[in-house]
file query-v3.tsv (TSV, C-alpha atoms)
chain	number	residue	atom	x	y	z
A	237	ALA	CA	84.80	119.40	12.83
A	238	ASP	CA	85.68	115.78	11.95
A	239	ALA	CA	86.97	116.70	8.49
A	240	ASP	CA	90.35	117.90	9.74
A	241	ARG	CA	90.83	114.91	12.07
A	242	SER	CA	92.88	111.95	11.05
A	243	HIS	CA	90.92	108.70	11.20
A	244	ILE	CA	93.24	105.89	12.17
A	245	SER	CA	92.44	102.34	13.20
A	246	PRO	CA	93.72	100.94	16.50
A	247	ARG	CA	95.72	98.34	14.58
A	248	ARG	CA	97.47	101.01	12.51
A	249	LEU	CA	98.21	103.07	15.60
A	250	ALA	CA	99.67	100.00	17.31
A	251	ARG	CA	101.85	99.35	14.27
A	252	MET	CA	103.08	102.95	14.34
A	253	ILE	CA	103.90	102.71	18.06
A	254	LEU	CA	105.79	99.45	17.50
A	255	THR	CA	107.77	100.71	14.50
A	256	ARG	CA	111.20	102.22	15.01
A	257	PRO	CA	110.90	106.01	14.88
A	258	ASP	CA	113.61	106.30	12.20
A	259	ASN	CA	111.60	103.93	9.95
A	260	LEU	CA	108.47	106.11	10.10
A	261	LYS	CA	107.71	108.73	7.50
A	262	PRO	CA	107.84	112.30	8.85
A	263	GLU	CA	104.06	112.72	8.54
A	264	HIS	CA	103.47	109.47	10.45
A	265	ARG	CA	105.95	110.57	13.11
A	266	SER	CA	104.09	113.84	13.64
A	267	LEU	CA	100.70	112.06	13.63
A	268	LEU	CA	101.98	109.59	16.22
A	269	ALA	CA	103.31	112.42	18.38
A	270	ARG	CA	99.92	114.21	18.24
A	271	LEU	CA	97.95	111.03	19.00
A	272	THR	CA	100.13	109.95	21.91
A	273	ALA	CA	100.15	113.47	23.37
A	274	ALA	CA	96.33	113.60	23.26
A	275	CYS	CA	95.91	110.95	25.96
A	276	PRO	CA	98.02	110.43	29.10
A	277	GLU	CA	97.69	106.63	28.84
A	278	MET	CA	98.92	106.70	25.24
A	279	THR	CA	101.90	108.83	26.27
A	280	LYS	CA	102.80	106.32	28.97
A	281	LEU	CA	102.27	103.39	26.61
A	282	ALA	CA	104.48	104.87	23.90
A	283	ALA	CA	107.25	105.56	26.43
A	284	VAL	CA	107.05	102.04	27.86
A	285	VAL	CA	107.13	100.43	24.41
A	286	ALA	CA	110.12	102.56	23.40
A	287	GLY	CA	111.92	101.52	26.58
A	288	PHE	CA	111.30	97.85	25.86
A	289	ALA	CA	112.43	98.24	22.25
A	290	GLU	CA	115.83	99.41	23.52
A	291	LEU	CA	116.18	96.08	25.34
A	292	LEU	CA	115.73	94.04	22.17
A	293	THR	CA	119.33	94.59	21.05
A	294	PRO	CA	121.34	91.89	22.86
A	295	HIS	CA	123.64	93.38	25.51
A	296	ALA	CA	125.18	91.95	28.68
A	297	GLY	CA	123.48	94.48	31.00
A	298	ASN	CA	119.97	93.96	29.67
A	299	ASP	CA	118.95	91.64	32.51
A	300	ASP	CA	119.33	94.49	35.04
A	301	ARG	CA	117.73	96.96	32.64
A	302	LEU	CA	114.79	94.57	32.23
A	303	SER	CA	114.27	94.54	36.01
A	304	HIS	CA	114.17	98.35	36.04
A	305	TRP	CA	111.81	98.36	33.04
A	306	ILE	CA	109.45	95.88	34.75
A	307	ASN	CA	109.42	97.98	37.95
A	308	GLY	CA	108.68	101.09	35.88
A	309	VAL	CA	105.80	99.36	34.08
A	310	ARG	CA	104.30	98.20	37.35
A	311	ALA	CA	104.30	101.80	38.55
A	312	VAL	CA	102.23	102.83	35.50
A	313	GLU	CA	98.48	102.20	35.51
A	314	LEU	CA	98.29	100.05	32.37
A	315	PRO	CA	96.81	96.66	33.46
A	316	HIS	CA	97.48	94.84	30.16
A	317	LEU	CA	101.16	95.60	30.48
A	318	HIS	CA	101.11	94.26	34.02
A	319	ALA	CA	99.98	90.91	32.58
A	320	PHE	CA	102.84	91.11	30.05
A	321	THR	CA	105.38	91.72	32.82
A	322	ARG	CA	104.02	88.76	34.81
A	323	GLY	CA	104.63	86.58	31.74
A	324	LEU	CA	108.17	87.92	31.44
A	325	GLU	CA	108.79	87.12	35.10
A	326	ARG	CA	107.48	83.56	34.70
A	327	ASP	CA	110.02	82.84	31.93
A	328	ARG	CA	112.75	85.08	33.28
A	329	ASP	CA	115.65	82.75	32.41
A	330	ALA	CA	114.57	82.47	28.77
A	331	VAL	CA	113.91	86.23	28.52
A	332	ASN	CA	117.31	87.04	30.01
A	333	ALA	CA	118.98	84.69	27.52
A	334	ALA	CA	117.14	86.30	24.61
A	335	LEU	CA	118.03	89.84	25.72
A	336	THR	CA	121.67	89.22	26.61
A	337	LEU	CA	123.00	86.53	24.24
A	338	PRO	CA	123.75	87.17	20.56
A	339	TYR	CA	122.41	83.76	19.47
A	340	SER	CA	119.26	83.22	17.43
A	341	ASN	CA	117.32	80.15	16.39
A	342	GLY	CA	116.15	81.89	13.21
A	343	PRO	CA	118.09	79.64	10.80
A	344	THR	CA	116.75	76.51	12.52
A	345	GLU	CA	113.19	77.80	12.33
A	346	GLY	CA	113.72	78.61	8.64
A	347	VAL	CA	114.74	75.01	7.92
A	348	ASN	CA	111.73	73.70	9.90
A	349	THR	CA	109.37	75.96	7.95
A	350	LYS	CA	110.84	74.88	4.62
A	351	THR	CA	110.55	71.19	5.56
A	352	LYS	CA	106.92	71.58	6.64
A	353	ARG	CA	106.08	73.48	3.46
A	354	ILE	CA	107.51	70.70	1.28
A	355	ALA	CA	105.67	68.03	3.30
A	356	ARG	CA	102.39	69.93	2.95
A	357	GLN	CA	102.87	70.29	-0.80
A	358	MET	CA	103.15	66.51	-1.06
A	359	HIS	CA	99.83	66.06	0.85
A	360	GLY	CA	101.18	62.91	2.54
A	361	ARG	CA	100.97	60.96	-0.72
A	362	ALA	CA	104.64	60.08	-0.99
A	363	GLY	CA	106.89	58.25	1.40
A	364	PHE	CA	109.82	59.40	3.45
A	365	THR	CA	112.30	58.65	0.64
A	366	LEU	CA	110.75	61.16	-1.75
A	367	LEU	CA	110.40	63.74	1.03
A	368	ARG	CA	114.09	63.30	1.87
A	369	HIS	CA	115.10	63.75	-1.79
A	370	ARG	CA	112.98	66.87	-2.18
A	371	ILE	CA	114.47	68.39	0.97
A	372	LEU	CA	118.03	67.59	-0.11
A	373	LEU	CA	117.47	68.97	-3.63
A	374	GLY	CA	115.45	72.00	-2.48

call {"tool": "encode", "arguments": {"input": "query-v3.tsv", "output": "structure tokens"}}
result
Amino acid sequence: ADADRSHISPRRLARMILTRPDNLKPEHRSLLARLTAACPEMTKLAAVVAGFAELLTPHAGNDDRLSHWINGVRAVELPHLHAFTRGLERDRDAVNAALTLPYSNGPTEGVNTKTKRIARQMHGRAGFTLLRHRILLG
């Protein structure tokens, strides 16, 4: 009886739920549909995650849509998501800015990562002058 079942790890299932549906292979899409339909909690979870994914594209009306999404999640019996929504509410100003504004700090974080990588490669053996030269030349 287990031979025809698909064995999938929780981590892989979570990755499939979090991946955009158009980026999934057709066989993964059908497997995900079967797995989420098999359990009412999984069906609710997949719907909630898809609703949140729509908010991740910056748009001016996302702050109101986020409020509706949070109210919808609180109506669903998924306690871990309730903790997630409480965290969103605590940092509501930052979340609203991230969901509504087109700005990103990605380039700044990239420069910070590059600088830290160069500093780690030097193992603290050289002074600031050499670090500065390596950053400017790299």

call {"tool": "closest_atom_pairs", "arguments": {"input": "query-v3.tsv", "of": "region 283-358 of chain A", "to": "region 255-268 of chain A", "cutoff": "12 Å", "atoms": "all atoms listed in the file", "output": "Markdown table"}}
result
| residue | atom | partner | partner_atom | distance |
| --- | --- | --- | --- | --- |
| A:Val285 | CA | A:Thr255 | CA | 9.9 |
| A:Ala286 | CA | A:Arg256 | CA | 8.5 |
| A:Gly287 | CA | A:Arg256 | CA | 11.6 |
| A:Phe288 | CA | A:Arg256 | CA | 11.7 |
| A:Ala289 | CA | A:Arg256 | CA | 8.4 |
| A:Glu290 | CA | A:Arg256 | CA | 10.1 |
| A:Leu292 | CA | A:Arg256 | CA | 11.8 |

call {"tool": "write_last_selection", "arguments": {"input": "query-v3.tsv", "atoms": "C-alpha atoms", "output": "CSV table (one decimal), in the coordinates of the input"}}
result
chain,number,residue,atom,x,y,z
A,285,VAL,CA,107.1,100.4,24.4
A,286,ALA,CA,110.1,102.6,23.4
A,287,GLY,CA,111.9,101.5,26.6
A,288,PHE,CA,111.3,97.8,25.9
A,289,ALA,CA,112.4,98.2,22.2
A,290,GLU,CA,115.8,99.4,23.5
A,292,LEU,CA,115.7,94.0,22.2

call {"tool": "atom_distance", "arguments": {"input": "query-v3.tsv", "atom1": "CA of Ala269 (chain A)", "atom2": "CA of Ser245 (chain A)"}}
result
15.7 Å

call {"tool": "atom_distance", "arguments": {"input": "query-v3.tsv", "atom1": "CA of Met252 (chain A)", "atom2": "CA of Asp299 (chain A)"}}
result
26.6 Å

call {"tool": "atom_distance", "arguments": {"input": "query-v3.tsv", "atom1": "CA of Thr321 (chain A)", "atom2": "CA of Val309 (chain A)"}}
result
7.8 Å

call {"tool": "closest_residue", "arguments": {"input": "query-v3.tsv", "among": "A:Cys275, A:Ala319, A:Arg247, A:Thr293", "to": "Tyr339 (chain A)", "atoms": "all atoms listed in the file"}}
result
A:Thr293

call {"tool": "residues_around", "arguments": {"input": "query-v3.tsv", "residues": "region 348-360 of chain A", "least_positions_apart": "3", "cutoff": "9 Å", "atoms": "all atoms listed in the file", "output": "ChimeraX atom specification"}}
result
/A:343-345,363,367,370-371,374

call {"tool": "closest_residue", "arguments": {"input": "query-v3.tsv", "among": "A:Thr272, A:Phe320, A:Arg326, A:Thr336", "to": "Arg301 (chain A)", "atoms": "all atoms listed in the file"}}
result
A:Thr336

call {"tool": "closest_residue", "arguments": {"input": "query-v3.tsv", "among": "A:His304, A:Arg361, A:Leu271, A:Leu335", "to": "His243 (chain A)", "atoms": "all atoms listed in the file"}}
result
A:Leu271

call {"tool": "residues_around", "arguments": {"input": "query-v3.tsv", "residues": "Val284 (chain A)", "least_positions_apart": "6", "cutoff": "10 Å", "atoms": "all atoms listed in the file", "output": "JSON, numbers by chain"}}
result
{"A": [278, 305, 306, 308, 309, 312, 317]}

call {"tool": "write_last_selection", "arguments": {"input": "query-v3.tsv", "atoms": "C-alpha atoms", "output": "mmCIF file, in the frame of the given file"}}
result
data_model
loop_
_atom_site.group_PDB
_atom_site.id
_atom_site.type_symbol
_atom_site.label_atom_id
_atom_site.label_comp_id
_atom_site.auth_asym_id
_atom_site.auth_seq_id
_atom_site.Cartn_x
_atom_site.Cartn_y
_atom_site.Cartn_z
ATOM 1 C CA MET A 278 98.920 106.700 25.240
ATOM 2 C CA TRP A 305 111.810 98.360 33.040
ATOM 3 C CA ILE A 306 109.450 95.880 34.750
ATOM 4 C CA GLY A 308 108.680 101.090 35.880
ATOM 5 C CA VAL A 309 105.800 99.360 34.080
ATOM 6 C CA VAL A 312 102.230 102.830 35.500
ATOM 7 C CA LEU A 317 101.160 95.600 30.480
#

call {"tool": "build_atoms", "arguments": {"input": "query-v3.tsv", "residues": "region 245-269 of chain A", "atoms": "N, CA and C atoms", "output": "compact mmCIF listing (two decimals), keeping the file's coordinate frame"}}
result
# COMPACT_ATOMS: atom_id res chain seq x y z
N SER A 245 92.92 103.52 12.49
CA SER A 245 92.44 102.34 13.20
C SER A 245 93.37 102.02 14.36
N PRO A 246 92.85 101.33 15.38
CA PRO A 246 93.72 100.94 16.50
C PRO A 246 94.89 100.06 16.05
N ARG A 247 94.65 99.21 15.07
CA ARG A 247 95.72 98.34 14.58
C ARG A 247 96.83 99.16 13.94
N ARG A 248 96.46 100.17 13.16
CA ARG A 248 97.47 101.01 12.51
C ARG A 248 98.24 101.84 13.54
N LEU A 249 97.54 102.32 14.54
CA LEU A 249 98.21 103.07 15.60
C LEU A 249 99.19 102.17 16.35
N ALA A 250 98.77 100.94 16.63
CA ALA A 250 99.67 100.00 17.31
C ALA A 250 100.90 99.73 16.46
N ARG A 251 100.71 99.58 15.17
CA ARG A 251 101.85 99.35 14.27
C ARG A 251 102.80 100.54 14.29
N MET A 252 102.24 101.74 14.31
CA MET A 252 103.08 102.95 14.34
C MET A 252 103.85 103.04 15.66
N ILE A 253 103.22 102.67 16.76
CA ILE A 253 103.90 102.71 18.06
C ILE A 253 105.03 101.68 18.09
N LEU A 254 104.81 100.52 17.47
CA LEU A 254 105.79 99.45 17.50
C LEU A 254 106.90 99.58 16.46
N THR A 255 106.75 100.50 15.53
CA THR A 255 107.77 100.71 14.50
C THR A 255 108.87 101.62 15.03
N ARG A 256 110.10 101.34 14.62
CA ARG A 256 111.20 102.22 15.01
C ARG A 256 110.93 103.62 14.50
N PRO A 257 111.18 104.64 15.31
CA PRO A 257 110.90 106.01 14.88
C PRO A 257 111.65 106.42 13.61
N ASP A 258 112.88 105.91 13.41
CA ASP A 258 113.61 106.30 12.20
C ASP A 258 113.03 105.64 10.95
N ASN A 259 112.22 104.59 11.10
CA ASN A 259 111.60 103.93 9.95
C ASN A 259 110.24 104.53 9.59
N LEU A 260 109.75 105.46 10.39
CA LEU A 260 108.47 106.11 10.10
C LEU A 260 108.67 107.30 9.17
N LYS A 261 107.69 107.53 8.34
CA LYS A 261 107.71 108.73 7.50
C LYS A 261 107.50 109.94 8.40
N PRO A 262 108.00 111.10 8.00
CA PRO A 262 107.84 112.30 8.85
C PRO A 262 106.38 112.61 9.20
N GLU A 263 105.48 112.43 8.25
CA GLU A 263 104.06 112.72 8.54
C GLU A 263 103.49 111.73 9.54
N HIS A 264 103.93 110.46 9.47
CA HIS A 264 103.47 109.47 10.45
C HIS A 264 104.06 109.76 11.82
N ARG A 265 105.31 110.23 11.84
CA ARG A 265 105.95 110.57 13.11
C ARG A 265 105.20 111.70 13.80
N SER A 266 104.81 112.72 13.03
CA SER A 266 104.09 113.84 13.64
C SER A 266 102.68 113.43 14.06
N LEU A 267 102.03 112.56 13.27
CA LEU A 267 100.70 112.06 13.63
C LEU A 267 100.79 111.24 14.92
N LEU A 268 101.79 110.39 15.01
CA LEU A 268 101.98 109.59 16.22
C LEU A 268 102.24 110.47 17.43
N ALA A 269 103.03 111.51 17.26
CA ALA A 269 103.31 112.42 18.38
C ALA A 269 102.03 113.12 18.83
